[in-house]
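*Asks:* Take a look at the following structure, please.
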Amino acid sequence: MKIEDKKRVLREMVLHRRFEERCYQAYIERKIGGFLHLYPGQEACCNGVMEAARPGHDYVITGYRDHVHAIKCGADPKEVMAELYGKETGCSKGRGGSMHIFDVKHRFMGGYALVGGPFPLAAGMAKAIQLKGGDEIAICFLGDAANNQGVFHETMNMAALWKLPVLFVCENNLYGIGTAIERSTAIVHQHKRVCAYGIEAAECDGQDVEKVYAAARVAVDHVRHGKGPYFLELMTYRYRGHSMSDSRGYRSREEEEMWKQRDPIFILRDRLVAEKALTLAEFEAMEKEIDAYIENEVIKFAEESPEPRVEDLEKYVLADRETQLPWLTGKAA
Amino acid sequence: MANIMYWEAIQRAHDEEMARDPLVICMGEDIGVAGGTYKATKGLYEKYGPLRVIDTPISEGGFTGLGIGASFLGVRPVIEIMSVNFAWLAMDQMFNSAAKVRYMSGGQLTAPCVFRAAGGAAHQLGAQHSARMEKVFMGIAGLRVVTPSNPKQAYGLLKSAIRCDDPVFINEHELMYNMKGEVPDTEYFHPLEGSEVARAGTDITLFGYNISVHWCLKAAEILDKQYGISAEVIDLYCLSPLDRAGIKASVAKTHRAVIAEEDEAPVGVGAEVMAIINEECFFELDAAPVRVHSAMVPQPYNHTLEKATIPDHEDVVKAVLKLFGKA
Ligand SMILES: Cc1ncc(C[n+]2csc(CCOP(=O)(O)OP(=O)(O)O)c2C)c(N)n1
Ligand SMILES: [Mg+2]
């Protein structure tokens with residue numbers, strides 16, 4: 001990666017980290033409700049892959065841990081925060097919430113809360129790309145535990161059979177809620193599971209964004225050039241609990257410490273410092289600046305935005321009636 | 001007007017829509033090279049090729065989700081579920097993805113796909129191939145549900161469903177694919193909402209949908225000829241949203257109602273129609289409405305037991321006579 005790109009990505013990852021930490025605080029203050037799944041620790045995964053892909057052009061879909069993926073695709077952090085606050089200005093108009101962030105204009109095709117649900121949806125988007133003949137690809141980010149769903153296998157089979165332009169990114173953070181991967185899954189290394197379908201696959205350190213980027217370039221090239229699906233496994237770790245009501249009793253503090261030694265932000269920061277492209281003082285100033293942006297713009301926007309109107313409760317259940325009249329009434333022109 | 005079979009009507013709708021729009025595709029088990037279990041996609045594979053007429057693996061959840069994902073990008077997939085019993089495996093994607101995506105995205109994304117399933121009880125197929133599941137689909141916000149009772153509807157409902165931006169579930173019937181009926185020669189779009197007066201009458205309304213419309217029509221004939229009772233038959237081809245105005249208008253005229261359904265009674269079409277009658281025109285009633293429905297048992301294999309499970313036109317006649325105090 002070029003120095004300039006590395007500096008930009010570092011800045012983005014700090015924004016992603018601080019955004020999520022601020023969500024945590026807002027949840028404690030009861031500004032955010034429902035389930036809230038945060039991303040700290042895994043930032044290099046989304047960033048490394050999307051640096052190799054084309055955000056806003058390629059179609060991205062993921063699970064419920066979705067804020068950062070949306071922002072990386074181009075969603076405005078203000079609108080994502082407003083969504084978490086349940087506001088009308090939220091990117092899903094306050095109807096979705098943390099687990100259902102959507103920003104279709106940037107081709108972020110949504111966060112879905114059923115574990116494994118996005119697998120076939122991603123393959124379907126790839127099928128649409130194949131039919132329409134574009135150069136986009138579909139990218140599906142999911143966790144390790146999602147691979148134990150039946151649709152994982154069903155989708156891998158179809159994606160390989162029909163050579164669909166879809167990249168599956170498995171963010172293997174070693175846990176599905178409180179169940180360690182060795183306790184739920186016969187093999188830890190998930191990329192091995194797609195061999196049976198003849199899908200190209202690789203495993204990569206998910207904490208070093210440059211390594212992720214390099215592996216993702218191979219993966220993206222493969223998919224974009226019509227060679228069929230690809231499965232990229234990124235070994236990573238989430239620092240916080242699965243959701244907000246998780247005291248992490250299922251894993252040791254030593255294990256957590258060990259992973260924090262390999263923090264994706266610090267790895268990149270220290271590399272840039274070693275390369276003399278950044279000073280620690282600059283880094284700290286950047287953090288402050290980002291915190292100020294989050295407070296003064298992102299949070300302010302969410303706080304000040306209006307609630308959805310109760311009169312609009314049933315809006316968006318079905319397509320606007322007026323636009324569908326020929327088919328609803330049979331009076332086609 | 002051509003007199004064609006129900007399956008031919010469905011095939012024609014597919015063909016016309018696929019010829020018009022290259023983004024209309026169809027997918028399902030054995031629909032391509034084999035031409036479809038009920039021939040509803042016969043000849044399409046030869047005409048449109050494997051990219052648009054897709055023989056899927058036996059992965060209902062997977063291929064249904066794949067069709068839905070394709071619809072996010074403007075493809076219009078018609079997804080055939082070989083037997084409605086297998087739809088249980090696809091419901092996660094139908095309900096959690098297709099039906100909810102518009103709402104949870106605040107109107108940004110929609111899933112304009114069509115799910116077609118062969119429903120109803122055929123002959124002696126046993127418990128796992130005879131389920132009637134309309135009740136499940138009609139209770140889902142964000143999903144339209146229609147069920148054709150004749151070839152004209154089968155053709156026109158599929159045409160409209162493909163054009164509509166909402167996901168539509170079409171409940172067909174295994175025993176009806178060879179039924180013949182008149183279908184207009186020119187392009188025809190059947191409304192996805194509302195209901196139809198299948199036979200006008202003045203003394204009682206018989207509500208039916210899909211196959212039970214035919215029980216009602218036969219019962220109305222017998223009631224008229226043998227008992228001098230004039231029954232109106234309402235065809236509820238749209239199960240979601242149910243046609244409140246149509247139900248009300250007919251009952252306000254006849255003051256009596258019998259609802260015939262092939263499904264078991266709890267949580268079904270009959271229960272819903274009764275609720276609507278209560279809410280819309282309770283004071284118009286001259287008698288309490290009655291349901292004619294299946295027994296609450298997994299479908300038995302034995303022929304006699306199977307017959308005892310599912311109602312028919314005679315049960316409708318009996319219910320009407322009882323309601324009039326004539327039996
Ligand atoms: C179908 C389904 N089953 C169970 C759940 C509850 N659940 C939510 S997240 C989760 C664990 C998923 O772990 P993984 O796929 O590894 O993703 P991670 O949360 O680690 O990012 C479970 C069991 C769900 N949301 N959906
Ligand atoms: Mg996990």
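All residue names refer to the structure tokens as shown: chains lettered A, B, ... in order, residues numbered from 1 in each chain, ligands numbered from 1 in order.
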For ligand 2, collect every residue having any atom at a distance of at most 12 Å from a ligand atom (counting only C-alpha atoms and all ligand atoms); output as a PDB file with N, CA and C atoms, in the first residue's frame.
*Replies:*
```pdb
ATOM      1  N   HIS A  37     -23.920  -4.757  18.362  1.00  0.00           N
ATOM      2  CA  HIS A  37     -22.717  -5.581  18.187  1.00  0.00           C
ATOM      3  C   HIS A  37     -21.604  -4.696  17.653  1.00  0.00           C
ATOM      4  N   TYR A  39     -17.469  -3.566  16.708  1.00  0.00           N
ATOM      5  CA  TYR A  39     -16.441  -4.097  15.797  1.00  0.00           C
ATOM      6  C   TYR A  39     -14.996  -3.956  16.281  1.00  0.00           C
ATOM      7  N   GLN A  42     -11.514  -5.811  14.982  1.00  0.00           N
ATOM      8  CA  GLN A  42     -11.627  -6.448  13.661  1.00  0.00           C
ATOM      9  C   GLN A  42     -11.469  -5.453  12.499  1.00  0.00           C
ATOM     10  N   GLY A  63     -23.683  -9.288   8.213  1.00  0.00           N
ATOM     11  CA  GLY A  63     -24.593  -9.629   9.306  1.00  0.00           C
ATOM     12  C   GLY A  63     -24.946  -8.400  10.120  1.00  0.00           C
ATOM     13  N   TYR A  64     -25.123  -8.632  11.380  1.00  0.00           N
ATOM     14  CA  TYR A  64     -25.610  -7.602  12.319  1.00  0.00           C
ATOM     15  C   TYR A  64     -24.480  -6.707  12.838  1.00  0.00           C
ATOM     16  N   ARG A  65     -23.219  -7.127  12.655  1.00  0.00           N
ATOM     17  CA  ARG A  65     -22.081  -6.321  13.145  1.00  0.00           C
ATOM     18  C   ARG A  65     -21.674  -5.441  11.963  1.00  0.00           C
ATOM     19  N   VAL A 115     -28.256 -15.401  11.461  1.00  0.00           N
ATOM     20  CA  VAL A 115     -26.900 -15.863  11.187  1.00  0.00           C
ATOM     21  C   VAL A 115     -26.889 -16.743   9.935  1.00  0.00           C
ATOM     22  N   GLY A 116     -26.107 -16.359   8.959  1.00  0.00           N
ATOM     23  CA  GLY A 116     -26.000 -17.128   7.700  1.00  0.00           C
ATOM     24  C   GLY A 116     -26.938 -16.633   6.618  1.00  0.00           C
ATOM     25  N   PHE A 141     -19.560 -10.406   3.948  1.00  0.00           N
ATOM     26  CA  PHE A 141     -18.766 -10.509   5.176  1.00  0.00           C
ATOM     27  C   PHE A 141     -19.603 -11.224   6.235  1.00  0.00           C
ATOM     28  N   LEU A 142     -19.113 -12.349   6.747  1.00  0.00           N
ATOM     29  CA  LEU A 142     -19.828 -12.992   7.853  1.00  0.00           C
ATOM     30  C   LEU A 142     -18.831 -13.564   8.842  1.00  0.00           C
ATOM     31  N   GLY A 143     -19.351 -14.012   9.974  1.00  0.00           N
ATOM     32  CA  GLY A 143     -18.494 -14.574  11.014  1.00  0.00           C
ATOM     33  C   GLY A 143     -18.209 -16.045  10.799  1.00  0.00           C
ATOM     34  N   ASP A 144     -17.409 -16.589  11.690  1.00  0.00           N
ATOM     35  CA  ASP A 144     -17.037 -17.998  11.612  1.00  0.00           C
ATOM     36  C   ASP A 144     -18.213 -18.924  11.916  1.00  0.00           C
ATOM     37  N   ALA A 145     -19.025 -18.538  12.891  1.00  0.00           N
ATOM     38  CA  ALA A 145     -20.099 -19.440  13.318  1.00  0.00           C
ATOM     39  C   ALA A 145     -21.192 -19.560  12.263  1.00  0.00           C
ATOM     40  N   ALA A 146     -21.282 -18.573  11.396  1.00  0.00           N
ATOM     41  CA  ALA A 146     -22.293 -18.613  10.337  1.00  0.00           C
ATOM     42  C   ALA A 146     -22.093 -19.809   9.407  1.00  0.00           C
ATOM     43  N   ASN A 147     -20.858 -20.296   9.364  1.00  0.00           N
ATOM     44  CA  ASN A 147     -20.557 -21.392   8.443  1.00  0.00           C
ATOM     45  C   ASN A 147     -21.176 -22.719   8.874  1.00  0.00           C
ATOM     46  N   ASN A 148     -21.797 -22.722  10.048  1.00  0.00           N
ATOM     47  CA  ASN A 148     -22.454 -23.959  10.474  1.00  0.00           C
ATOM     48  C   ASN A 148     -23.919 -24.005  10.067  1.00  0.00           C
ATOM     49  N   CYS A 170     -14.717 -14.474   5.534  1.00  0.00           N
ATOM     50  CA  CYS A 170     -15.060 -15.020   6.843  1.00  0.00           C
ATOM     51  C   CYS A 170     -14.193 -14.337   7.885  1.00  0.00           C
ATOM     52  N   GLU A 171     -14.818 -13.530   8.727  1.00  0.00           N
ATOM     53  CA  GLU A 171     -14.080 -12.884   9.806  1.00  0.00           C
ATOM     54  C   GLU A 171     -14.101 -13.846  10.986  1.00  0.00           C
ATOM     55  N   ASN A 172     -13.033 -14.639  11.067  1.00  0.00           N
ATOM     56  CA  ASN A 172     -12.984 -15.682  12.096  1.00  0.00           C
ATOM     57  C   ASN A 172     -12.450 -15.094  13.394  1.00  0.00           C
ATOM     58  N   ASN A 173     -13.381 -14.703  14.280  1.00  0.00           N
ATOM     59  CA  ASN A 173     -12.979 -14.129  15.563  1.00  0.00           C
ATOM     60  C   ASN A 173     -13.046 -15.164  16.678  1.00  0.00           C
ATOM     61  N   LEU A 174     -13.107 -16.419  16.279  1.00  0.00           N
ATOM     62  CA  LEU A 174     -12.962 -17.564  17.181  1.00  0.00           C
ATOM     63  C   LEU A 174     -14.135 -17.836  18.113  1.00  0.00           C
ATOM     64  N   TYR A 175     -15.162 -17.010  18.035  1.00  0.00           N
ATOM     65  CA  TYR A 175     -16.331 -17.234  18.883  1.00  0.00           C
ATOM     66  C   TYR A 175     -17.629 -16.943  18.134  1.00  0.00           C
ATOM     67  N   GLY A 176     -18.663 -17.697  18.474  1.00  0.00           N
ATOM     68  CA  GLY A 176     -20.019 -17.348  18.107  1.00  0.00           C
ATOM     69  C   GLY A 176     -20.720 -17.072  19.426  1.00  0.00           C
ATOM     70  N   ILE A 177     -20.985 -15.843  19.715  1.00  0.00           N
ATOM     71  CA  ILE A 177     -21.388 -15.379  21.055  1.00  0.00           C
ATOM     72  C   ILE A 177     -20.394 -15.950  22.073  1.00  0.00           C
ATOM     73  N   GLY A 178     -20.860 -16.881  22.934  1.00  0.00           N
ATOM     74  CA  GLY A 178     -19.980 -17.381  23.995  1.00  0.00           C
ATOM     75  C   GLY A 178     -19.437 -18.766  23.730  1.00  0.00           C
ATOM     76  N   THR A 179     -19.619 -19.258  22.515  1.00  0.00           N
ATOM     77  CA  THR A 179     -19.136 -20.604  22.223  1.00  0.00           C
ATOM     78  C   THR A 179     -17.878 -20.535  21.375  1.00  0.00           C
ATOM     79  N   ALA A 180     -16.797 -21.036  21.968  1.00  0.00           N
ATOM     80  CA  ALA A 180     -15.518 -21.020  21.252  1.00  0.00           C
ATOM     81  C   ALA A 180     -15.614 -21.936  20.042  1.00  0.00           C
ATOM     82  N   ILE A 181     -14.897 -21.565  19.016  1.00  0.00           N
ATOM     83  CA  ILE A 181     -15.016 -22.293  17.754  1.00  0.00           C
ATOM     84  C   ILE A 181     -14.710 -23.785  17.900  1.00  0.00           C
ATOM     85  N   GLU A 182     -13.732 -24.142  18.752  1.00  0.00           N
ATOM     86  CA  GLU A 182     -13.418 -25.580  18.893  1.00  0.00           C
ATOM     87  C   GLU A 182     -14.603 -26.327  19.494  1.00  0.00           C
ATOM     88  N   SER A 184     -17.784 -25.683  18.749  1.00  0.00           N
ATOM     89  CA  SER A 184     -18.956 -25.729  17.865  1.00  0.00           C
ATOM     90  C   SER A 184     -18.636 -26.308  16.494  1.00  0.00           C
ATOM     91  N   THR A 185     -17.359 -26.323  16.159  1.00  0.00           N
ATOM     92  CA  THR A 185     -17.020 -26.566  14.765  1.00  0.00           C
ATOM     93  C   THR A 185     -15.868 -27.561  14.685  1.00  0.00           C
ATOM     94  N   VAL A 188     -11.108 -25.582  12.979  1.00  0.00           N
ATOM     95  CA  VAL A 188     -11.011 -24.154  13.281  1.00  0.00           C
ATOM     96  C   VAL A 188     -10.828 -23.347  11.996  1.00  0.00           C
ATOM     97  N   GLN A 190     -11.546 -22.232   8.688  1.00  0.00           N
ATOM     98  CA  GLN A 190     -12.785 -22.297   7.923  1.00  0.00           C
ATOM     99  C   GLN A 190     -12.582 -22.403   6.415  1.00  0.00           C
ATOM    100  N   GLU A 233     -10.516 -16.240   4.451  1.00  0.00           N
ATOM    101  CA  GLU A 233     -10.683 -16.327   5.901  1.00  0.00           C
ATOM    102  C   GLU A 233      -9.679 -15.407   6.592  1.00  0.00           C
ATOM    103  N   LEU A 234     -10.183 -14.567   7.476  1.00  0.00           N
ATOM    104  CA  LEU A 234      -9.324 -13.619   8.191  1.00  0.00           C
ATOM    105  C   LEU A 234      -9.357 -13.948   9.679  1.00  0.00           C
ATOM    106  N   MET A 235      -8.175 -14.239  10.241  1.00  0.00           N
ATOM    107  CA  MET A 235      -8.100 -14.607  11.654  1.00  0.00           C
ATOM    108  C   MET A 235      -8.067 -13.330  12.485  1.00  0.00           C
ATOM    109  N   THR A 236      -9.072 -13.172  13.327  1.00  0.00           N
ATOM    110  CA  THR A 236      -9.216 -11.910  14.043  1.00  0.00           C
ATOM    111  C   THR A 236      -9.828 -12.126  15.419  1.00  0.00           C
ATOM    112  N   TYR A 237     -10.208 -11.042  16.069  1.00  0.00           N
ATOM    113  CA  TYR A 237     -10.694 -11.127  17.447  1.00  0.00           C
ATOM    114  C   TYR A 237     -11.528  -9.902  17.752  1.00  0.00           C
ATOM    115  N   ARG A 238     -12.650 -10.107  18.417  1.00  0.00           N
ATOM    116  CA  ARG A 238     -13.406  -8.921  18.846  1.00  0.00           C
ATOM    117  C   ARG A 238     -13.087  -8.657  20.309  1.00  0.00           C
ATOM    118  N   TYR A 239     -12.805  -7.395  20.609  1.00  0.00           N
ATOM    119  CA  TYR A 239     -12.400  -7.053  21.972  1.00  0.00           C
ATOM    120  C   TYR A 239     -13.575  -7.065  22.939  1.00  0.00           C
ATOM    121  N   GLY A 241     -17.625  -7.698  24.244  1.00  0.00           N
ATOM    122  CA  GLY A 241     -18.513  -8.855  24.278  1.00  0.00           C
ATOM    123  C   GLY A 241     -19.223  -8.965  22.946  1.00  0.00           C
ATOM    124  N   HIS A 242     -19.906 -10.087  22.749  1.00  0.00           N
ATOM    125  CA  HIS A 242     -20.621 -10.292  21.497  1.00  0.00           C
ATOM    126  C   HIS A 242     -21.604  -9.152  21.250  1.00  0.00           C
ATOM    127  N   SER A 243     -22.422  -8.902  22.271  1.00  0.00           N
ATOM    128  CA  SER A 243     -23.378  -7.801  22.211  1.00  0.00           C
ATOM    129  C   SER A 243     -23.199  -7.061  23.533  1.00  0.00           C
TER     130      SER A 243
END
```
*Asks:* Quick one: which chain B residues come within 12 Å of ligand 1, and what is the nearest atom pair for each with the distance in Å to one decimal, counting only C-alpha atoms and all ligand atoms, rows ordered by chain and ascending number, as a tab-separated table?
*Replies:*
```
residue	atom	partner	partner_atom_place_in_ligand_line	distance
B:Asp92	CA	ligand 1	1 (C)	8.7
B:Gln93	CA	ligand 1	1 (C)	10.8
B:Asn96	CA	ligand 1	1 (C)	10.2
```
*Asks:* Would you please give, as JSON, numbers by chain, all residues of segment 179-290 of chain B that DSSP assigns to strand (DSSP E or B) based on the backbone?
*Replies:* {"B": [180, 181, 182, 183, 196, 197, 198, 199, 204, 205, 206, 207, 208, 231, 232, 233, 234, 235, 238, 239, 240, 257, 258, 259, 260, 261, 262, 263, 264, 290]}
*Asks:* Sorted by chain and rising residue number, which residues of chain B lie within 6 Å of chain A, and what are their closest atom pairs and distances in Å to one decimal, counting only C-alpha atoms, as CSV?
*Replies:*
```
residue,atom,partner,partner_atom,distance
B:Ser59,CA,A:Glu154,CA,5.9
B:Gly62,CA,A:Val151,CA,5.3
B:Gly65,CA,A:Pro120,CA,4.8
B:Leu66,CA,A:Gly124,CA,3.9
B:Gly67,CA,A:Gly124,CA,5.6
B:Gly69,CA,A:Leu121,CA,3.9
B:Ala70,CA,A:Gly124,CA,4.2
B:Arg102,CA,A:Tyr316,CA,5.9
B:Tyr103,CA,A:Tyr316,CA,4.8
B:Met104,CA,A:Gly96,CA,4.3
B:Ser105,CA,A:Ser92,CA,4.6
B:Gly106,CA,A:Ser92,CA,4.5
B:Gly107,CA,A:Tyr316,CA,5.1
B:Gly142,CA,A:Val317,CA,5.1
B:Ser160,CA,A:Trp327,CA,4.9
B:Phe189,CA,A:Gly330,CA,5.0
B:His190,CA,A:Gly330,CA,4.8
B:Pro191,CA,A:Gly330,CA,3.9
B:Leu192,CA,A:Leu328,CA,4.6
B:Glu193,CA,A:Leu328,CA,5.3
```
*Asks:* Of the candidates A:Asp291, A:Asp66, A:Glu21, A:Glu43, which shows the shortest atom-to-atom distance to Gly206 of chain A, using only C-alpha atoms?
*Replies:*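 Closest to Gly206 of chain A, using only C-alpha atoms: A:Glu43.
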*Asks:* Of the candidates A:Arg248, A:Cys140, A:Lys6, A:Cys45, which shows the shortest atom-to-atom distance to Ala215 of chain A, using only C-alpha atoms?
*Replies:*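 Of A:Arg248, A:Cys140, A:Lys6, A:Cys45, the one nearest Ala215 of chain A, counting only C-alpha atoms, is A:Cys45.
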*Asks:* Please report the interatomic distance between atom CA of Ile4 of chain B and atom CA of Gln153 of chain B in Å with one decimal.
*Replies:*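 Computed distance, atom CA of Ile4 of chain B to atom CA of Gln153 of chain B, equals 12.0 Å.
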*Asks:* Residues at most 10 Å from segment 299-309 of chain A, counting only C-alpha atoms, excluding those fewer than 4 positions away in the same chain, as a ChimeraX atom specification?
*Replies:* /A:19,22-23,26,31,77-90,93-95,292-295,313
*Asks:* Could you take the residues named above and write them with N, CA, C and O atoms, as a JSON list (two decimals), in the first residue's frame?
*Replies:*
```
[["chain", "number", "residue", "atom", "x", "y", "z"],
["A", 19, "PHE", "N", -15.94, 5.57, 16.65],
["A", 19, "PHE", "CA", -17.39, 5.54, 16.39],
["A", 19, "PHE", "C", -18.02, 4.43, 17.24],
["A", 19, "PHE", "O", -19.01, 4.65, 17.94],
["A", 22, "ARG", "N", -18.01, 5.11, 20.90],
["A", 22, "ARG", "CA", -19.02, 6.13, 21.25],
["A", 22, "ARG", "C", -20.42, 5.51, 21.27],
["A", 22, "ARG", "O", -21.27, 5.91, 22.07],
["A", 23, "CYS", "N", -20.64, 4.53, 20.41],
["A", 23, "CYS", "CA", -21.92, 3.80, 20.43],
["A", 23, "CYS", "C", -22.09, 3.11, 21.78],
["A", 23, "CYS", "O", -23.18, 3.10, 22.35],
["A", 26, "ALA", "N", -23.20, 5.59, 24.21],
["A", 26, "ALA", "CA", -24.59, 6.01, 23.97],
["A", 26, "ALA", "C", -25.57, 4.91, 24.39],
["A", 26, "ALA", "O", -26.69, 5.20, 24.82],
["A", 31, "LYS", "N", -29.40, 5.84, 24.88],
["A", 31, "LYS", "CA", -29.78, 6.55, 23.65],
["A", 31, "LYS", "C", -29.98, 5.54, 22.52],
["A", 31, "LYS", "O", -30.67, 5.79, 21.56],
["A", 77, "PRO", "N", -21.35, 8.62, 8.51],
["A", 77, "PRO", "CA", -21.41, 8.22, 9.93],
["A", 77, "PRO", "C", -22.56, 8.90, 10.68],
["A", 77, "PRO", "O", -23.14, 8.32, 11.59],
["A", 78, "LYS", "N", -22.91, 10.11, 10.26],
["A", 78, "LYS", "CA", -24.02, 10.81, 10.91],
["A", 78, "LYS", "C", -25.31, 10.03, 10.73],
["A", 78, "LYS", "O", -26.10, 9.87, 11.65],
["A", 79, "GLU", "N", -25.53, 9.55, 9.51],
["A", 79, "GLU", "CA", -26.77, 8.81, 9.24],
["A", 79, "GLU", "C", -26.77, 7.43, 9.92],
["A", 79, "GLU", "O", -27.82, 6.92, 10.29],
["A", 80, "VAL", "N", -25.58, 6.85, 10.05],
["A", 80, "VAL", "CA", -25.51, 5.56, 10.74],
["A", 80, "VAL", "C", -25.83, 5.77, 12.22],
["A", 80, "VAL", "O", -26.63, 5.04, 12.82],
["A", 81, "MET", "N", -25.25, 6.81, 12.81],
["A", 81, "MET", "CA", -25.54, 7.07, 14.23],
["A", 81, "MET", "C", -27.01, 7.43, 14.42],
["A", 81, "MET", "O", -27.65, 6.97, 15.37],
["A", 82, "ALA", "N", -27.55, 8.22, 13.50],
["A", 82, "ALA", "CA", -28.97, 8.58, 13.61],
["A", 82, "ALA", "C", -29.84, 7.33, 13.53],
["A", 82, "ALA", "O", -30.87, 7.23, 14.20],
["A", 83, "GLU", "N", -29.42, 6.36, 12.76],
["A", 83, "GLU", "CA", -30.16, 5.10, 12.68],
["A", 83, "GLU", "C", -30.13, 4.40, 14.05],
["A", 83, "GLU", "O", -31.14, 3.89, 14.51],
["A", 84, "LEU", "N", -28.96, 4.41, 14.68],
["A", 84, "LEU", "CA", -28.85, 3.75, 15.98],
["A", 84, "LEU", "C", -29.72, 4.46, 17.02],
["A", 84, "LEU", "O", -30.23, 3.85, 17.94],
["A", 85, "TYR", "N", -29.90, 5.75, 16.81],
["A", 85, "TYR", "CA", -30.77, 6.54, 17.70],
["A", 85, "TYR", "C", -32.25, 6.36, 17.30],
["A", 85, "TYR", "O", -33.13, 6.92, 17.94],
["A", 86, "GLY", "N", -32.49, 5.64, 16.23],
["A", 86, "GLY", "CA", -33.87, 5.41, 15.80],
["A", 86, "GLY", "C", -34.52, 6.62, 15.15],
["A", 86, "GLY", "O", -35.75, 6.76, 15.18],
["A", 87, "LYS", "N", -33.73, 7.47, 14.54],
["A", 87, "LYS", "CA", -34.27, 8.72, 14.01],
["A", 87, "LYS", "C", -34.67, 8.60, 12.53],
["A", 87, "LYS", "O", -34.18, 7.76, 11.79],
["A", 88, "GLU", "N", -35.55, 9.50, 12.14],
["A", 88, "GLU", "CA", -36.04, 9.52, 10.75],
["A", 88, "GLU", "C", -34.91, 9.79, 9.75],
["A", 88, "GLU", "O", -34.97, 9.38, 8.60],
["A", 89, "THR", "N", -33.88, 10.49, 10.20],
["A", 89, "THR", "CA", -32.74, 10.79, 9.34],
["A", 89, "THR", "C", -31.74, 9.63, 9.26],
["A", 89, "THR", "O", -30.72, 9.74, 8.59],
["A", 90, "GLY", "N", -32.01, 8.56, 9.99],
["A", 90, "GLY", "CA", -31.10, 7.42, 9.97],
["A", 90, "GLY", "C", -31.06, 6.81, 8.58],
["A", 90, "GLY", "O", -31.99, 6.98, 7.79],
["A", 93, "LYS", "N", -34.01, 5.04, 8.00],
["A", 93, "LYS", "CA", -35.17, 5.80, 8.46],
["A", 93, "LYS", "C", -35.65, 5.40, 9.86],
["A", 93, "LYS", "O", -36.84, 5.50, 10.17],
["A", 94, "GLY", "N", -34.73, 4.89, 10.64],
["A", 94, "GLY", "CA", -35.09, 4.49, 12.00],
["A", 94, "GLY", "C", -35.90, 3.20, 12.06],
["A", 94, "GLY", "O", -36.30, 2.77, 13.14],
["A", 95, "ARG", "N", -36.11, 2.57, 10.92],
["A", 95, "ARG", "CA", -36.91, 1.33, 10.90],
["A", 95, "ARG", "C", -36.02, 0.10, 11.06],
["A", 95, "ARG", "O", -36.52, -1.01, 11.28],
["A", 292, "ALA", "N", -13.61, 14.78, 18.27],
["A", 292, "ALA", "CA", -14.36, 16.04, 18.20],
["A", 292, "ALA", "C", -15.39, 15.98, 17.08],
["A", 292, "ALA", "O", -16.55, 16.41, 17.24],
["A", 293, "TYR", "N", -14.99, 15.41, 15.95],
["A", 293, "TYR", "CA", -15.93, 15.25, 14.83],
["A", 293, "TYR", "C", -17.12, 14.39, 15.26],
["A", 293, "TYR", "O", -18.29, 14.73, 15.02],
["A", 294, "ILE", "N", -16.81, 13.29, 15.93],
["A", 294, "ILE", "CA", -17.90, 12.39, 16.34],
["A", 294, "ILE", "C", -18.85, 13.12, 17.30],
["A", 294, "ILE", "O", -20.07, 13.06, 17.16],
["A", 295, "GLU", "N", -18.27, 13.84, 18.23],
["A", 295, "GLU", "CA", -19.10, 14.53, 19.22],
["A", 295, "GLU", "C", -19.88, 15.68, 18.60],
["A", 295, "GLU", "O", -21.10, 15.78, 18.76],
["A", 313, "LEU", "N", -46.16, 4.77, 10.39],
["A", 313, "LEU", "CA", -45.84, 3.42, 10.87],
["A", 313, "LEU", "C", -45.87, 2.36, 9.77],
["A", 313, "LEU", "O", -45.02, 1.48, 9.71]]
```
*Asks:* If we count only C-alpha atoms and set the cut-off at 8 Å, which residues sit around His69 of chain A, ignoring sequence neighbours fewer than 4 positions away in its own chain? Please answer as a short mmCIF file (atom, residue, chain, number, x, y, z; two decimals) with all heavy atoms, in the first residue's frame.
*Replies:*
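Saved the output as result30.cif:
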```cif
data_model
loop_
_atom_site.label_atom_id
_atom_site.label_comp_id
_atom_site.auth_asym_id
_atom_site.auth_seq_id
_atom_site.Cartn_x
_atom_site.Cartn_y
_atom_site.Cartn_z
N CYS A 46 -12.42 -5.49 7.46
CA CYS A 46 -13.26 -4.73 6.53
C CYS A 46 -12.42 -3.76 5.71
O CYS A 46 -12.58 -3.64 4.49
CB CYS A 46 -14.33 -3.99 7.33
SG CYS A 46 -15.29 -2.86 6.34
N THR A 62 -23.71 -7.97 4.79
CA THR A 62 -23.10 -8.57 5.97
C THR A 62 -24.16 -8.92 7.01
O THR A 62 -25.36 -8.87 6.73
CB THR A 62 -22.03 -7.61 6.55
OG1 THR A 62 -21.31 -8.28 7.60
CG2 THR A 62 -22.63 -6.34 7.12
N CYS A 73 -18.26 1.56 3.02
CA CYS A 73 -18.82 1.61 1.66
C CYS A 73 -19.18 3.02 1.25
O CYS A 73 -19.44 3.27 0.07
CB CYS A 73 -20.06 0.72 1.57
SG CYS A 73 -19.67 -1.03 1.54
N PHE A 108 -24.23 -0.55 -0.23
CA PHE A 108 -24.18 -1.34 0.99
C PHE A 108 -25.57 -1.93 1.15
O PHE A 108 -26.52 -1.22 1.47
CB PHE A 108 -23.77 -0.50 2.21
CG PHE A 108 -23.75 -1.35 3.44
CD1 PHE A 108 -22.77 -2.34 3.58
CD2 PHE A 108 -24.72 -1.23 4.42
CE1 PHE A 108 -22.77 -3.18 4.68
CE2 PHE A 108 -24.72 -2.07 5.51
CZ PHE A 108 -23.75 -3.05 5.65
#
```
*Asks:* As a list in words, please: the residues near segment 13-20 of chain B (cut-off 6 Å, only C-alpha atoms, same-chain neighbours under 2 positions excluded).
*Replies:* Ile10, Gln11, Val24, Tyr155 and Lys159 of chain B
